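Q: Below is run.txt; it holds compact mmCIF, C-alpha atoms.
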```txt
# COMPACT_ATOMS: atom_id res chain seq x y z
CA MET K 1 108.05 105.96 154.10
CA VAL K 2 108.96 109.03 152.06
CA GLN K 3 112.26 110.58 153.11
CA ASN K 4 112.90 114.34 153.31
CA SER K 5 115.64 114.15 150.69
CA ILE K 6 116.90 112.00 147.86
CA LYS K 7 120.51 111.24 146.94
CA LEU K 8 121.25 112.26 143.35
CA SER K 9 123.56 110.38 141.00
CA SER K 10 126.06 113.18 141.64
CA GLY K 11 126.21 112.11 145.28
CA TYR K 12 124.50 115.20 146.69
CA GLU K 13 121.27 115.22 148.71
CA MET K 14 118.27 117.08 147.27
CA PRO K 15 115.22 117.93 149.44
CA VAL K 16 112.09 116.36 147.98
CA VAL K 17 109.94 119.45 148.63
CA GLY K 18 111.00 122.85 147.40
CA MET K 19 109.58 126.28 146.81
CA GLY K 20 109.10 127.31 143.19
CA VAL K 21 109.51 131.02 142.46
CA TRP K 22 107.98 131.33 138.98
CA ARG K 23 105.57 134.28 139.00
CA ALA K 24 106.15 134.65 142.73
CA GLY K 25 105.51 138.39 142.58
CA SER K 26 107.38 141.48 143.71
CA SER K 27 107.45 140.29 147.33
CA VAL K 28 109.57 137.23 146.54
CA GLN K 29 112.50 138.45 148.68
CA ASN K 30 110.31 138.48 151.79
CA LEU K 31 108.67 135.21 150.73
CA VAL K 32 112.05 133.50 150.56
CA VAL K 33 112.90 134.67 154.07
CA GLU K 34 109.51 133.48 155.36
CA ALA K 35 109.96 130.15 153.57
CA VAL K 36 113.32 129.63 155.25
CA LYS K 37 111.63 130.32 158.60
CA LEU K 38 109.04 127.66 157.79
CA GLY K 39 111.74 125.11 157.02
CA TYR K 40 112.20 125.31 153.25
CA ARG K 41 115.75 124.54 152.18
CA HIS K 42 115.18 123.89 148.47
CA PHE K 43 114.43 126.79 146.12
CA ASP K 44 113.75 126.35 142.42
CA CYS K 45 114.72 129.35 140.32
CA ALA K 46 115.39 130.21 136.67
CA ALA K 47 116.98 133.10 134.84
CA ASP K 48 113.78 133.39 132.81
CA TYR K 49 111.70 134.01 135.93
CA LYS K 50 113.40 137.41 136.07
CA ASN K 51 113.57 137.45 139.86
CA GLU K 52 116.95 135.89 140.64
CA LYS K 53 118.17 139.15 142.19
CA GLU K 54 115.22 139.29 144.57
CA VAL K 55 115.57 135.60 145.45
CA GLY K 56 119.29 136.13 146.01
CA ALA K 57 118.58 139.06 148.32
CA GLY K 58 116.19 136.89 150.33
CA LEU K 59 118.70 134.06 150.62
CA ALA K 60 121.47 136.48 151.62
CA GLU K 61 119.21 138.02 154.28
CA ALA K 62 118.34 134.62 155.72
CA ILE K 63 122.01 133.64 155.86
CA ARG K 64 123.08 136.99 157.29
CA LYS K 65 120.50 136.71 160.08
CA GLY K 66 121.76 133.25 160.99
CA MET K 67 118.52 131.55 160.01
CA VAL K 68 120.32 129.08 157.78
CA LYS K 69 123.78 128.25 156.47
CA ARG K 70 124.59 128.16 152.77
CA GLU K 71 125.51 124.49 152.97
CA ASP K 72 122.02 123.70 154.27
CA LEU K 73 120.38 125.16 151.16
CA PHE K 74 119.74 123.52 147.80
CA ILE K 75 119.46 126.12 145.05
CA THR K 76 118.43 125.27 141.50
CA THR K 77 118.39 127.62 138.55
CA LYS K 78 118.22 127.17 134.80
CA LEU K 79 119.98 128.02 131.54
CA TRP K 80 117.62 129.93 129.26
CA ASN K 81 117.11 129.01 125.59
CA SER K 82 118.80 132.14 124.22
CA ASP K 83 122.02 131.39 126.13
CA HIS K 84 122.79 127.92 124.77
CA LYS K 85 125.98 129.26 123.16
CA HIS K 86 126.94 131.14 126.33
CA VAL K 87 126.58 128.53 129.06
CA ARG K 88 129.32 129.65 131.42
CA ALA K 89 128.52 133.35 131.08
CA ALA K 90 124.84 132.64 131.77
CA CYS K 91 125.69 130.51 134.81
CA GLU K 92 128.01 133.19 136.20
CA ASP K 93 125.30 135.81 135.66
CA SER K 94 122.82 133.70 137.66
CA LEU K 95 125.38 133.16 140.41
CA LYS K 96 125.94 136.91 140.65
CA ASN K 97 122.20 137.61 140.81
CA LEU K 98 121.63 134.90 143.42
CA GLN K 99 124.67 136.05 145.43
CA LEU K 100 126.09 132.52 145.43
CA GLU K 101 129.50 131.00 144.79
CA TYR K 102 128.06 127.75 143.45
CA LEU K 103 124.76 126.23 142.38
CA ASP K 104 123.47 122.97 143.76
CA LEU K 105 121.72 122.19 140.48
CA TYR K 106 121.81 123.82 137.05
CA LEU K 107 119.29 122.72 134.43
CA ILE K 108 118.87 123.23 130.69
CA HIS K 109 115.46 124.92 130.89
CA PHE K 110 114.12 123.73 127.52
CA PRO K 111 115.72 121.46 124.92
CA VAL K 112 115.76 124.17 122.27
CA ALA K 113 118.22 126.94 121.41
CA ILE K 114 116.91 130.29 120.20
CA ARG K 115 118.53 133.46 118.90
CA HIS K 116 120.86 135.01 121.45
CA THR K 117 119.70 138.37 122.77
CA GLY K 118 122.33 139.01 125.43
CA VAL K 119 123.38 137.03 128.50
CA GLY K 120 120.70 137.19 131.14
CA LYS K 121 118.15 138.87 128.86
CA THR K 122 116.11 135.64 128.57
CA ASP K 123 114.09 136.91 125.64
CA SER K 124 112.10 134.65 123.31
CA PRO K 125 112.55 136.43 119.97
CA THR K 126 110.24 135.60 117.11
CA GLY K 127 110.69 136.06 113.39
CA GLU K 128 108.55 138.10 111.03
CA ASP K 129 106.16 135.14 110.90
CA GLY K 130 105.58 135.37 114.64
CA VAL K 131 107.26 132.00 115.22
CA LEU K 132 110.03 131.46 117.76
CA ASP K 133 113.44 132.17 116.19
CA ILE K 134 115.06 128.77 116.76
CA ASP K 135 118.84 128.49 116.44
CA VAL K 136 119.75 125.31 114.55
CA THR K 137 123.52 125.83 114.74
CA VAL K 138 124.14 124.43 118.22
CA SER K 139 123.32 120.89 119.36
CA LEU K 140 122.04 119.79 122.73
CA GLU K 141 125.11 117.57 122.99
CA THR K 142 127.40 120.61 122.70
CA VAL K 143 125.37 122.47 125.31
CA TRP K 144 125.55 119.49 127.66
CA HIS K 145 129.32 119.28 127.44
CA HIS K 146 129.51 122.97 128.39
CA MET K 147 127.26 122.16 131.36
CA GLU K 148 129.72 119.44 132.37
CA GLU K 149 132.52 122.01 132.27
CA LEU K 150 130.67 123.98 134.96
CA VAL K 151 130.95 120.98 137.28
CA ASP K 152 134.66 120.67 136.56
CA ALA K 153 135.06 124.39 137.30
CA GLY K 154 133.34 124.07 140.68
CA LEU K 155 130.54 126.46 139.72
CA VAL K 156 127.85 123.78 139.84
CA ARG K 157 127.52 120.63 141.92
CA SER K 158 124.90 118.81 139.87
CA ILE K 159 123.58 119.32 136.35
CA GLY K 160 120.36 118.24 134.77
CA ILE K 161 117.72 118.74 132.12
CA SER K 162 114.21 120.09 132.02
CA ASN K 163 111.23 119.44 129.76
CA TYR K 164 113.04 116.53 128.05
CA ASP K 165 111.02 113.58 126.77
CA ILE K 166 112.20 109.95 126.71
CA PHE K 167 113.95 110.32 123.35
CA LEU K 168 115.95 113.39 124.33
CA THR K 169 116.72 111.98 127.77
CA ARG K 170 118.04 108.78 126.19
CA ASP K 171 120.24 110.83 123.86
CA CYS K 172 121.62 112.82 126.78
CA LEU K 173 122.52 109.59 128.58
CA ALA K 174 124.33 108.39 125.44
CA TYR K 175 126.58 111.42 124.99
CA SER K 176 127.04 112.52 128.59
CA LYS K 177 130.26 112.15 130.55
CA ILE K 178 128.37 113.35 133.62
CA LYS K 179 124.86 111.99 133.34
CA PRO K 180 121.91 114.26 134.16
CA ALA K 181 121.09 114.08 137.85
CA VAL K 182 117.55 115.44 137.39
CA ASN K 183 114.90 115.84 134.73
CA GLN K 184 112.39 118.53 135.70
CA ILE K 185 109.07 118.00 133.94
CA GLU K 186 105.45 118.97 134.28
CA THR K 187 103.65 116.15 136.05
CA HIS K 188 100.54 116.15 138.25
CA PRO K 189 97.36 114.06 138.62
CA TYR K 190 95.97 115.31 135.29
CA PHE K 191 99.29 114.83 133.43
CA GLN K 192 101.03 111.89 135.04
CA ARG K 193 103.62 110.86 132.44
CA GLY K 194 104.19 107.52 134.11
CA ASP K 195 106.41 106.10 131.37
CA LEU K 196 108.79 109.07 131.39
CA VAL K 197 108.99 108.95 135.19
CA LYS K 198 109.73 105.21 135.09
CA PHE K 199 112.36 105.64 132.36
CA CYS K 200 114.20 108.31 134.31
CA ARG K 201 114.14 106.36 137.57
CA LYS K 202 115.37 103.22 135.79
CA HIS K 203 118.41 105.13 134.62
CA GLY K 204 119.16 106.87 137.89
CA ILE K 205 117.72 110.27 136.99
CA ALA K 206 115.62 111.94 139.68
CA VAL K 207 112.39 113.56 138.49
CA THR K 208 111.31 116.97 139.72
CA ALA K 209 107.63 117.73 139.18
CA HIS K 210 107.11 121.33 138.20
CA THR K 211 103.48 122.48 138.16
CA PRO K 212 102.73 119.64 140.65
CA LEU K 213 99.26 121.02 141.39
CA GLY K 214 98.27 121.37 137.77
CA GLY K 215 98.95 125.06 137.49
CA GLY K 216 96.29 126.74 139.55
CA SER K 217 95.15 130.25 138.70
CA ALA K 218 98.48 131.21 137.11
CA ASN K 219 98.16 128.64 134.34
CA THR K 220 94.43 129.18 133.98
CA GLU K 221 95.20 132.81 133.23
CA TRP K 222 98.06 132.17 130.81
CA PHE K 223 97.16 128.83 129.25
CA ASN K 224 93.40 128.50 129.87
CA SER K 225 94.00 125.22 131.72
CA VAL K 226 92.12 123.48 134.54
CA SER K 227 93.83 122.80 137.86
CA ALA K 228 93.84 119.28 139.25
CA ILE K 229 93.31 120.47 142.82
CA ASP K 230 89.70 121.33 141.99
CA ASP K 231 88.97 117.67 141.27
CA PRO K 232 86.33 116.11 143.57
CA VAL K 233 88.39 112.93 143.95
CA LEU K 234 91.26 114.87 145.53
CA LYS K 235 88.81 116.72 147.73
CA GLU K 236 87.27 113.44 148.92
CA ILE K 237 90.66 111.89 149.65
CA GLY K 238 91.70 115.07 151.44
CA ALA K 239 88.66 114.89 153.70
CA LYS K 240 89.66 111.34 154.62
CA TYR K 241 93.03 112.49 155.95
CA GLY K 242 92.11 115.97 157.10
CA LYS K 243 94.25 117.45 154.32
CA SER K 244 93.63 119.86 151.46
CA PRO K 245 93.43 118.67 147.82
CA ALA K 246 96.78 120.38 147.22
CA GLN K 247 98.41 118.42 150.05
CA VAL K 248 96.98 115.21 148.60
CA ALA K 249 98.36 116.01 145.15
CA LEU K 250 101.79 116.80 146.58
CA ARG K 251 101.82 113.68 148.75
CA TRP K 252 100.89 111.63 145.67
CA GLY K 253 103.88 113.17 143.92
CA LEU K 254 106.21 112.17 146.74
CA GLN K 255 104.86 108.62 146.92
CA ARG K 256 105.53 108.11 143.22
CA ASN K 257 109.13 109.13 143.92
CA THR K 258 109.12 112.58 142.37
CA ILE K 259 110.39 115.83 143.88
CA VAL K 260 107.74 118.55 144.13
CA ILE K 261 108.27 122.30 143.90
CA PRO K 262 104.91 124.02 144.42
CA LYS K 263 104.76 127.81 144.24
CA SER K 264 102.67 130.15 146.33
CA SER K 265 102.83 133.83 147.22
CA LYS K 266 100.93 133.23 150.46
CA VAL K 267 102.80 132.25 153.62
CA GLU K 268 99.94 130.09 154.92
CA ARG K 269 99.89 128.15 151.65
CA LEU K 270 103.67 127.72 151.80
CA LYS K 271 103.25 126.24 155.28
CA GLU K 272 100.50 123.93 154.04
CA ASN K 273 102.57 122.73 151.08
CA LEU K 274 105.40 121.70 153.40
CA ASN K 275 103.11 119.85 155.80
CA ILE K 276 102.83 116.61 153.84
CA PHE K 277 105.10 114.23 155.75
CA ASP K 278 102.67 113.28 158.51
CA PHE K 279 100.34 111.07 156.47
CA GLU K 280 100.55 108.41 153.79
CA LEU K 281 98.10 107.73 150.99
CA GLU K 282 96.78 104.18 150.93
CA GLY K 283 97.04 102.02 147.85
CA GLU K 284 93.41 102.58 146.92
CA ASP K 285 93.92 106.35 147.08
CA MET K 286 96.96 106.13 144.80
CA GLN K 287 94.90 104.03 142.39
CA ASP K 288 92.00 106.49 142.43
CA ILE K 289 94.38 109.35 141.62
CA ARG K 290 95.94 107.27 138.85
CA GLN K 291 92.52 107.17 137.22
CA LEU K 292 92.46 110.96 136.97
CA GLU K 293 94.96 110.96 134.09
CA LYS K 294 93.77 113.31 131.32
CA LYS K 295 97.11 113.83 129.50
CA ALA K 296 96.39 117.50 130.11
CA ARG K 297 99.55 119.58 129.82
CA THR K 298 98.85 122.94 131.46
CA ASN K 299 102.17 124.73 130.93
CA ASN K 300 102.66 125.16 127.18
CA PRO K 301 104.33 128.37 125.97
CA LYS K 302 103.04 127.94 122.40
CA ASN K 303 100.76 130.90 123.14
CA PHE K 304 103.86 133.11 123.19
CA TRP K 305 106.19 131.24 120.85
CA GLY K 306 103.84 130.80 117.90
CA ILE K 307 104.78 127.11 117.69
CA ASP K 308 104.04 124.04 119.77
CA LEU K 309 107.43 122.52 120.51
CA TYR K 310 105.71 119.43 121.93
CA ALA K 311 103.91 118.68 118.65
```
Rewrite the coordinates I just gave you, this time as structure tokens.

A:
Amino acid sequence: MVQNSIKLSSGYEMPVVGMGVWRAGSSVQNLVVEAVKLGYRHFDCAADYKNEKEVGAGLAEAIRKGMVKREDLFITTKLWNSDHKHVRAACEDSLKNLQLEYLDLYLIHFPVAIRHTGVGKTDSPTGEDGVLDIDVTVSLETVWHHMEELVDAGLVRSIGISNYDIFLTRDCLAYSKIKPAVNQIETHPYFQRGDLVKFCRKHGIAVTAHTPLGGGSANTEWFNSVSAIDDPVLKEIGAKYGKSPAQVALRWGLQRNTIVIPKSSKVERLKENLNIFDFELEGEDMQDIRQLEKKARTNNPKNFWGIDLYA
């Protein structure tokens, strides 16, 4: 049976279902409070989402009202690409915005450094050619060692990576003194990435699935993608268990030993996304979903960066 949390290589427990806050809207402070009421204890943030202050206000309100204790929460945020030479300053800025003394997990958001535009600015500057202004003077190894210093300083409990492929993950394992506890990647029924998931698990790296529903309307709008939860196979399986296609997709994610962090700005949907521990997909259902693989990445910022970093 799927457990509510997983023990990371760092020794800390991480809830396997969290609330993502990317594009969560102006009401995110209230949403965080409502999510805590529903039972969410894991919140996935990033400096680039530009709502850390609002999330922090929601967390502080929930703690102040006695709804939850800080030690019961698991808060993740991420180092933006333009701050690769300013790791500690960026981390401290996020801590200030989130009103926290420490982070449970700090991730390198993307494995690419870009021109610095000011700590916390999280810009993605482009050159005259319209292509992302990539900084080639700092290595990922250097950045990782600065991440490790955050653990030593007590600012961060666990550190990890995000959007790393097998090659970059292997490199990180080779040069790390503290190995990455988590690799956060896009993975869902239409983009399963089974080999990367297996590689990470083999080497003791937990996998967090961002975009676990295939993006929904947010990614359709930005990236012209198709959401997996509209697939008739998921709808048919959902009818079998009395669950929605989204709940089926999330349960599939849990049963393949990934952590899922779906986002919604609707309280009822938040409740639904958390209600996935009372059923188990049978082997034939898992196999049917495995057949849905389309290698369809939905979250690709090439539209804004002028270059496909996954090419």

Q: Find the axis-aligned box for region 68-80 of chain K, covering all its listed atoms and adding 3 Å on each side, and write its centre and edge lengths in Å to one decimal as lines of an AutoDock Vina configuration file.

A:
```
center_x = 121.6
center_y = 126.7
center_z = 143.5
size_x = 13.9
size_y = 12.4
size_z = 34.5
```

Q: Would you tabulate, counting all atoms listed in the file, all residues of region 126-187 of chain K that have an atom at most 9 Å from an atom of region 88-93 of chain K, showing the closest pair of atoms and their distance in Å to one decimal, sorted by chain then ascending number, as CSV?

A:
```
residue,atom,partner,partner_atom,distance
K:His146,CA,K:Arg88,CA,7.3
K:Met147,CA,K:Arg88,CA,7.8
K:Glu149,CA,K:Arg88,CA,8.3
K:Leu150,CA,K:Arg88,CA,6.8
K:Leu155,CA,K:Cys91,CA,8.0
K:Val156,CA,K:Cys91,CA,8.7
```

Q: At a cut-off of 8 Å, can you tabulate as a tab-separated table every residue of region 86-170 of chain K near region 61-81 of chain K together with its closest atom pair and the distance in Å to one decimal, using all atoms listed in the file and ordering rows by chain then number?

A:
```
residue	atom	partner	partner_atom	distance
K:Val87	CA	K:Leu79	CA	7.1
K:Ala90	CA	K:Leu79	CA	6.7
K:Cys91	CA	K:Leu79	CA	7.0
K:Ser94	CA	K:Thr77	CA	7.6
K:Leu103	CA	K:Ile75	CA	5.9
K:Asp104	CA	K:Ile75	CA	5.3
K:Leu105	CA	K:Thr76	CA	4.6
K:Tyr106	CA	K:Thr77	CA	5.3
K:Leu107	CA	K:Lys78	CA	4.6
K:Ile108	CA	K:Leu79	CA	5.0
K:His109	CA	K:Lys78	CA	5.3
K:Phe110	CA	K:Asn81	CA	6.4
K:Pro111	CA	K:Asn81	CA	7.7
K:Val112	CA	K:Asn81	CA	6.0
K:Ala113	CA	K:Asn81	CA	4.8
K:Ile114	CA	K:Asn81	CA	5.5
K:Thr122	CA	K:Trp80	CA	5.9
K:Ser124	CA	K:Asn81	CA	7.9
```

Q: Just the residues within 9 Å of Asp231 (chain K), please, counting only C-alpha atoms, with nothing from its chain fewer than 5 positions along; format it as a ChimeraX atom specification.

A: /K:236,245,292

Q: How would you write as JSON, numbers by chain the residues that get within 12 Å of (110.5, 132.7, 156.7) in the file's frame, counting only C-alpha atoms?

A: {"K": [19, 28, 29, 30, 31, 32, 33, 34, 35, 36, 37, 38, 39, 40, 41, 58, 59, 61, 62, 63, 65, 67, 68, 266, 267, 268, 270, 271]}

Q: Identify, on the basis of only C-alpha atoms, every residue whose closest approach to Asp230 (chain K) does not exceed 12 Å; exclude the query and any residue fewer than 3 positions from it along the same chain; express the result as number ranges by chain.

A: K: 189-190, 213-217, 225-227, 233-236, 238, 244-246, 248-249, 292

Q: Please determine, counting only C-alpha atoms, which residue among K:Lys243, K:Lys50, K:Lys294, K:Arg269 has the shortest atom-to-atom distance to Lys121 (chain K).

A: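 Of all the options, K:Lys50 lies closest to Lys121 (chain K).
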
Q: Using Å and a single decimal, report how far CA of Pro180 (chain K) sits from CA of Ser10 (chain K).

A: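 The value is 8.6 Å.
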
Q: So how far away is CA of Ala57 (chain K) from CA of Gly120 (chain K), in Å?

A: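 We find that CA of Gly120 (chain K) and CA of Ala57 (chain K) lie 17.4 Å from each other.
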
Q: Provide the CA of Ser9 (chain K) to CA of Asn257 (chain K) distance in Å, to one decimal place.

A: 14.8 Å

Q: Go through K:Glu282, K:Asp288, K:Glu293, K:Asp83 one by one, measure the shortest atom-to-atom distance of each to Ile134 (chain K) using all atoms listed in the file, and give the residue with the smallest value.

A: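 With all atoms listed in the file as the atom set, the closest residue is K:Asp83.
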
Q: Out of K:Gly306, K:Ser264, K:Asp123, K:Val16, which residue has the shortest atom-to-atom distance to Tyr49 (chain K) when counting all atoms listed in the file?

A: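 Closest to Tyr49 (chain K) of all the choices is K:Asp123.
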
Q: For Thr208 (chain K), list every protein, DNA or RNA residue within 9 Å, evaluated using only C-alpha atoms, and leave out those in the same chain fewer than 4 positions away; present the list as number ranges by chain.

A: K: 16, 162, 182-187, 258-261

Q: Hey, which of K:Glu13, K:Glu272, K:Glu128, K:Glu141 ends up closest to Cys172 (chain K)? Count only C-alpha atoms.

A: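 For Cys172 (chain K), the nearest of the candidates is K:Glu141.
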
Q: Restore all heavy atoms in region 64-75 of chain K and list the result as a PDB file, in the frame of the given file.

A:
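File written: rebuild_12.pdb
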```
ATOM      1  N   ARG K  64     122.503 135.924 156.470  1.00  0.00           N
ATOM      2  CA  ARG K  64     123.080 136.990 157.290  1.00  0.00           C
ATOM      3  C   ARG K  64     122.482 137.003 158.695  1.00  0.00           C
ATOM      4  O   ARG K  64     123.170 137.254 159.692  1.00  0.00           O
ATOM      5  CB  ARG K  64     122.873 138.336 156.615  1.00  0.00           C
ATOM      6  CG  ARG K  64     123.530 139.515 157.331  1.00  0.00           C
ATOM      7  CD  ARG K  64     123.375 140.800 156.555  1.00  0.00           C
ATOM      8  NE  ARG K  64     121.991 141.245 156.451  1.00  0.00           N
ATOM      9  CZ  ARG K  64     121.262 141.179 155.338  1.00  0.00           C
ATOM     10  NH1 ARG K  64     121.793 140.685 154.223  1.00  0.00           N
ATOM     11  NH2 ARG K  64     120.017 141.598 155.321  1.00  0.00           N
ATOM     12  N   LYS K  65     121.188 136.699 158.785  1.00  0.00           N
ATOM     13  CA  LYS K  65     120.500 136.710 160.080  1.00  0.00           C
ATOM     14  C   LYS K  65     120.714 135.413 160.869  1.00  0.00           C
ATOM     15  O   LYS K  65     120.180 135.265 161.970  1.00  0.00           O
ATOM     16  CB  LYS K  65     119.003 136.948 159.870  1.00  0.00           C
ATOM     17  CG  LYS K  65     118.679 138.365 159.413  1.00  0.00           C
ATOM     18  CD  LYS K  65     117.180 138.555 159.246  1.00  0.00           C
ATOM     19  CE  LYS K  65     116.841 140.006 158.900  1.00  0.00           C
ATOM     20  NZ  LYS K  65     115.370 140.208 158.716  1.00  0.00           N
ATOM     21  N   GLY K  66     121.484 134.498 160.292  1.00  0.00           N
ATOM     22  CA  GLY K  66     121.760 133.250 160.990  1.00  0.00           C
ATOM     23  C   GLY K  66     120.623 132.255 160.983  1.00  0.00           C
ATOM     24  O   GLY K  66     120.626 131.295 161.757  1.00  0.00           O
ATOM     25  N   MET K  67     119.653 132.457 160.090  1.00  0.00           N
ATOM     26  CA  MET K  67     118.520 131.550 160.010  1.00  0.00           C
ATOM     27  C   MET K  67     118.892 130.222 159.365  1.00  0.00           C
ATOM     28  O   MET K  67     118.265 129.192 159.621  1.00  0.00           O
ATOM     29  CB  MET K  67     117.381 132.215 159.226  1.00  0.00           C
ATOM     30  CG  MET K  67     116.837 133.474 159.871  1.00  0.00           C
ATOM     31  SD  MET K  67     115.811 134.438 158.729  1.00  0.00           S
ATOM     32  CE  MET K  67     114.616 133.231 158.231  1.00  0.00           C
ATOM     33  N   VAL K  68     119.910 130.263 158.514  1.00  0.00           N
ATOM     34  CA  VAL K  68     120.320 129.080 157.780  1.00  0.00           C
ATOM     35  C   VAL K  68     121.751 129.275 157.300  1.00  0.00           C
ATOM     36  O   VAL K  68     122.220 130.416 157.168  1.00  0.00           O
ATOM     37  CB  VAL K  68     119.365 128.844 156.576  1.00  0.00           C
ATOM     38  CG1 VAL K  68     119.545 129.921 155.513  1.00  0.00           C
ATOM     39  CG2 VAL K  68     119.537 127.465 155.973  1.00  0.00           C
ATOM     40  N   LYS K  69     122.452 128.188 157.052  1.00  0.00           N
ATOM     41  CA  LYS K  69     123.780 128.250 156.470  1.00  0.00           C
ATOM     42  C   LYS K  69     123.695 127.899 154.985  1.00  0.00           C
ATOM     43  O   LYS K  69     122.798 127.161 154.571  1.00  0.00           O
ATOM     44  CB  LYS K  69     124.717 127.261 157.174  1.00  0.00           C
ATOM     45  CG  LYS K  69     124.964 127.567 158.634  1.00  0.00           C
ATOM     46  CD  LYS K  69     125.879 126.516 159.259  1.00  0.00           C
ATOM     47  CE  LYS K  69     126.124 126.815 160.730  1.00  0.00           C
ATOM     48  NZ  LYS K  69     126.986 125.778 161.358  1.00  0.00           N
ATOM     49  N   ARG K  70     124.633 128.437 154.213  1.00  0.00           N
ATOM     50  CA  ARG K  70     124.590 128.160 152.770  1.00  0.00           C
ATOM     51  C   ARG K  70     124.599 126.668 152.492  1.00  0.00           C
ATOM     52  O   ARG K  70     123.867 126.191 151.606  1.00  0.00           O
ATOM     53  CB  ARG K  70     125.801 128.831 152.073  1.00  0.00           C
ATOM     54  CG  ARG K  70     126.020 128.373 150.607  1.00  0.00           C
ATOM     55  CD  ARG K  70     124.839 128.756 149.734  1.00  0.00           C
ATOM     56  NE  ARG K  70     124.942 128.266 148.363  1.00  0.00           N
ATOM     57  CZ  ARG K  70     124.344 127.179 147.897  1.00  0.00           C
ATOM     58  NH1 ARG K  70     123.598 126.425 148.705  1.00  0.00           N
ATOM     59  NH2 ARG K  70     124.456 126.839 146.626  1.00  0.00           N
ATOM     60  N   GLU K  71     125.398 125.920 153.258  1.00  0.00           N
ATOM     61  CA  GLU K  71     125.510 124.490 152.970  1.00  0.00           C
ATOM     62  C   GLU K  71     124.227 123.723 153.281  1.00  0.00           C
ATOM     63  O   GLU K  71     124.079 122.563 152.868  1.00  0.00           O
ATOM     64  CB  GLU K  71     126.686 123.882 153.738  1.00  0.00           C
ATOM     65  CG  GLU K  71     126.639 124.090 155.239  1.00  0.00           C
ATOM     66  CD  GLU K  71     127.422 125.309 155.699  1.00  0.00           C
ATOM     67  OE1 GLU K  71     127.522 126.300 154.918  1.00  0.00           O
ATOM     68  OE2 GLU K  71     127.923 125.283 156.835  1.00  0.00           O
ATOM     69  N   ASP K  72     123.302 124.353 153.976  1.00  0.00           N
ATOM     70  CA  ASP K  72     122.020 123.700 154.270  1.00  0.00           C
ATOM     71  C   ASP K  72     120.984 123.932 153.167  1.00  0.00           C
ATOM     72  O   ASP K  72     119.911 123.329 153.188  1.00  0.00           O
ATOM     73  CB  ASP K  72     121.450 124.223 155.591  1.00  0.00           C
ATOM     74  CG  ASP K  72     122.346 123.890 156.772  1.00  0.00           C
ATOM     75  OD1 ASP K  72     122.972 122.820 156.759  1.00  0.00           O
ATOM     76  OD2 ASP K  72     122.425 124.716 157.701  1.00  0.00           O
ATOM     77  N   LEU K  73     121.307 124.810 152.228  1.00  0.00           N
ATOM     78  CA  LEU K  73     120.380 125.160 151.160  1.00  0.00           C
ATOM     79  C   LEU K  73     120.650 124.360 149.899  1.00  0.00           C
ATOM     80  O   LEU K  73     121.782 123.954 149.628  1.00  0.00           O
ATOM     81  CB  LEU K  73     120.481 126.655 150.840  1.00  0.00           C
ATOM     82  CG  LEU K  73     120.058 127.626 151.937  1.00  0.00           C
ATOM     83  CD1 LEU K  73     120.451 129.046 151.562  1.00  0.00           C
ATOM     84  CD2 LEU K  73     118.547 127.536 152.171  1.00  0.00           C
ATOM     85  N   PHE K  74     119.606 124.152 149.119  1.00  0.00           N
ATOM     86  CA  PHE K  74     119.740 123.520 147.800  1.00  0.00           C
ATOM     87  C   PHE K  74     119.094 124.472 146.796  1.00  0.00           C
ATOM     88  O   PHE K  74     117.877 124.638 146.770  1.00  0.00           O
ATOM     89  CB  PHE K  74     119.040 122.161 147.767  1.00  0.00           C
ATOM     90  CG  PHE K  74     119.358 121.348 146.538  1.00  0.00           C
ATOM     91  CD1 PHE K  74     120.311 120.338 146.587  1.00  0.00           C
ATOM     92  CD2 PHE K  74     118.719 121.602 145.323  1.00  0.00           C
ATOM     93  CE1 PHE K  74     120.617 119.589 145.448  1.00  0.00           C
ATOM     94  CE2 PHE K  74     119.021 120.862 144.190  1.00  0.00           C
ATOM     95  CZ  PHE K  74     119.978 119.850 144.259  1.00  0.00           C
ATOM     96  N   ILE K  75     119.937 125.099 145.972  1.00  0.00           N
ATOM     97  CA  ILE K  75     119.460 126.120 145.050  1.00  0.00           C
ATOM     98  C   ILE K  75     119.602 125.642 143.606  1.00  0.00           C
ATOM     99  O   ILE K  75     120.695 125.298 143.157  1.00  0.00           O
ATOM    100  CB  ILE K  75     120.232 127.446 145.221  1.00  0.00           C
ATOM    101  CG1 ILE K  75     120.279 127.853 146.702  1.00  0.00           C
ATOM    102  CG2 ILE K  75     119.593 128.535 144.361  1.00  0.00           C
ATOM    103  CD1 ILE K  75     118.929 128.045 147.353  1.00  0.00           C
TER     104      ILE K  75
END
```
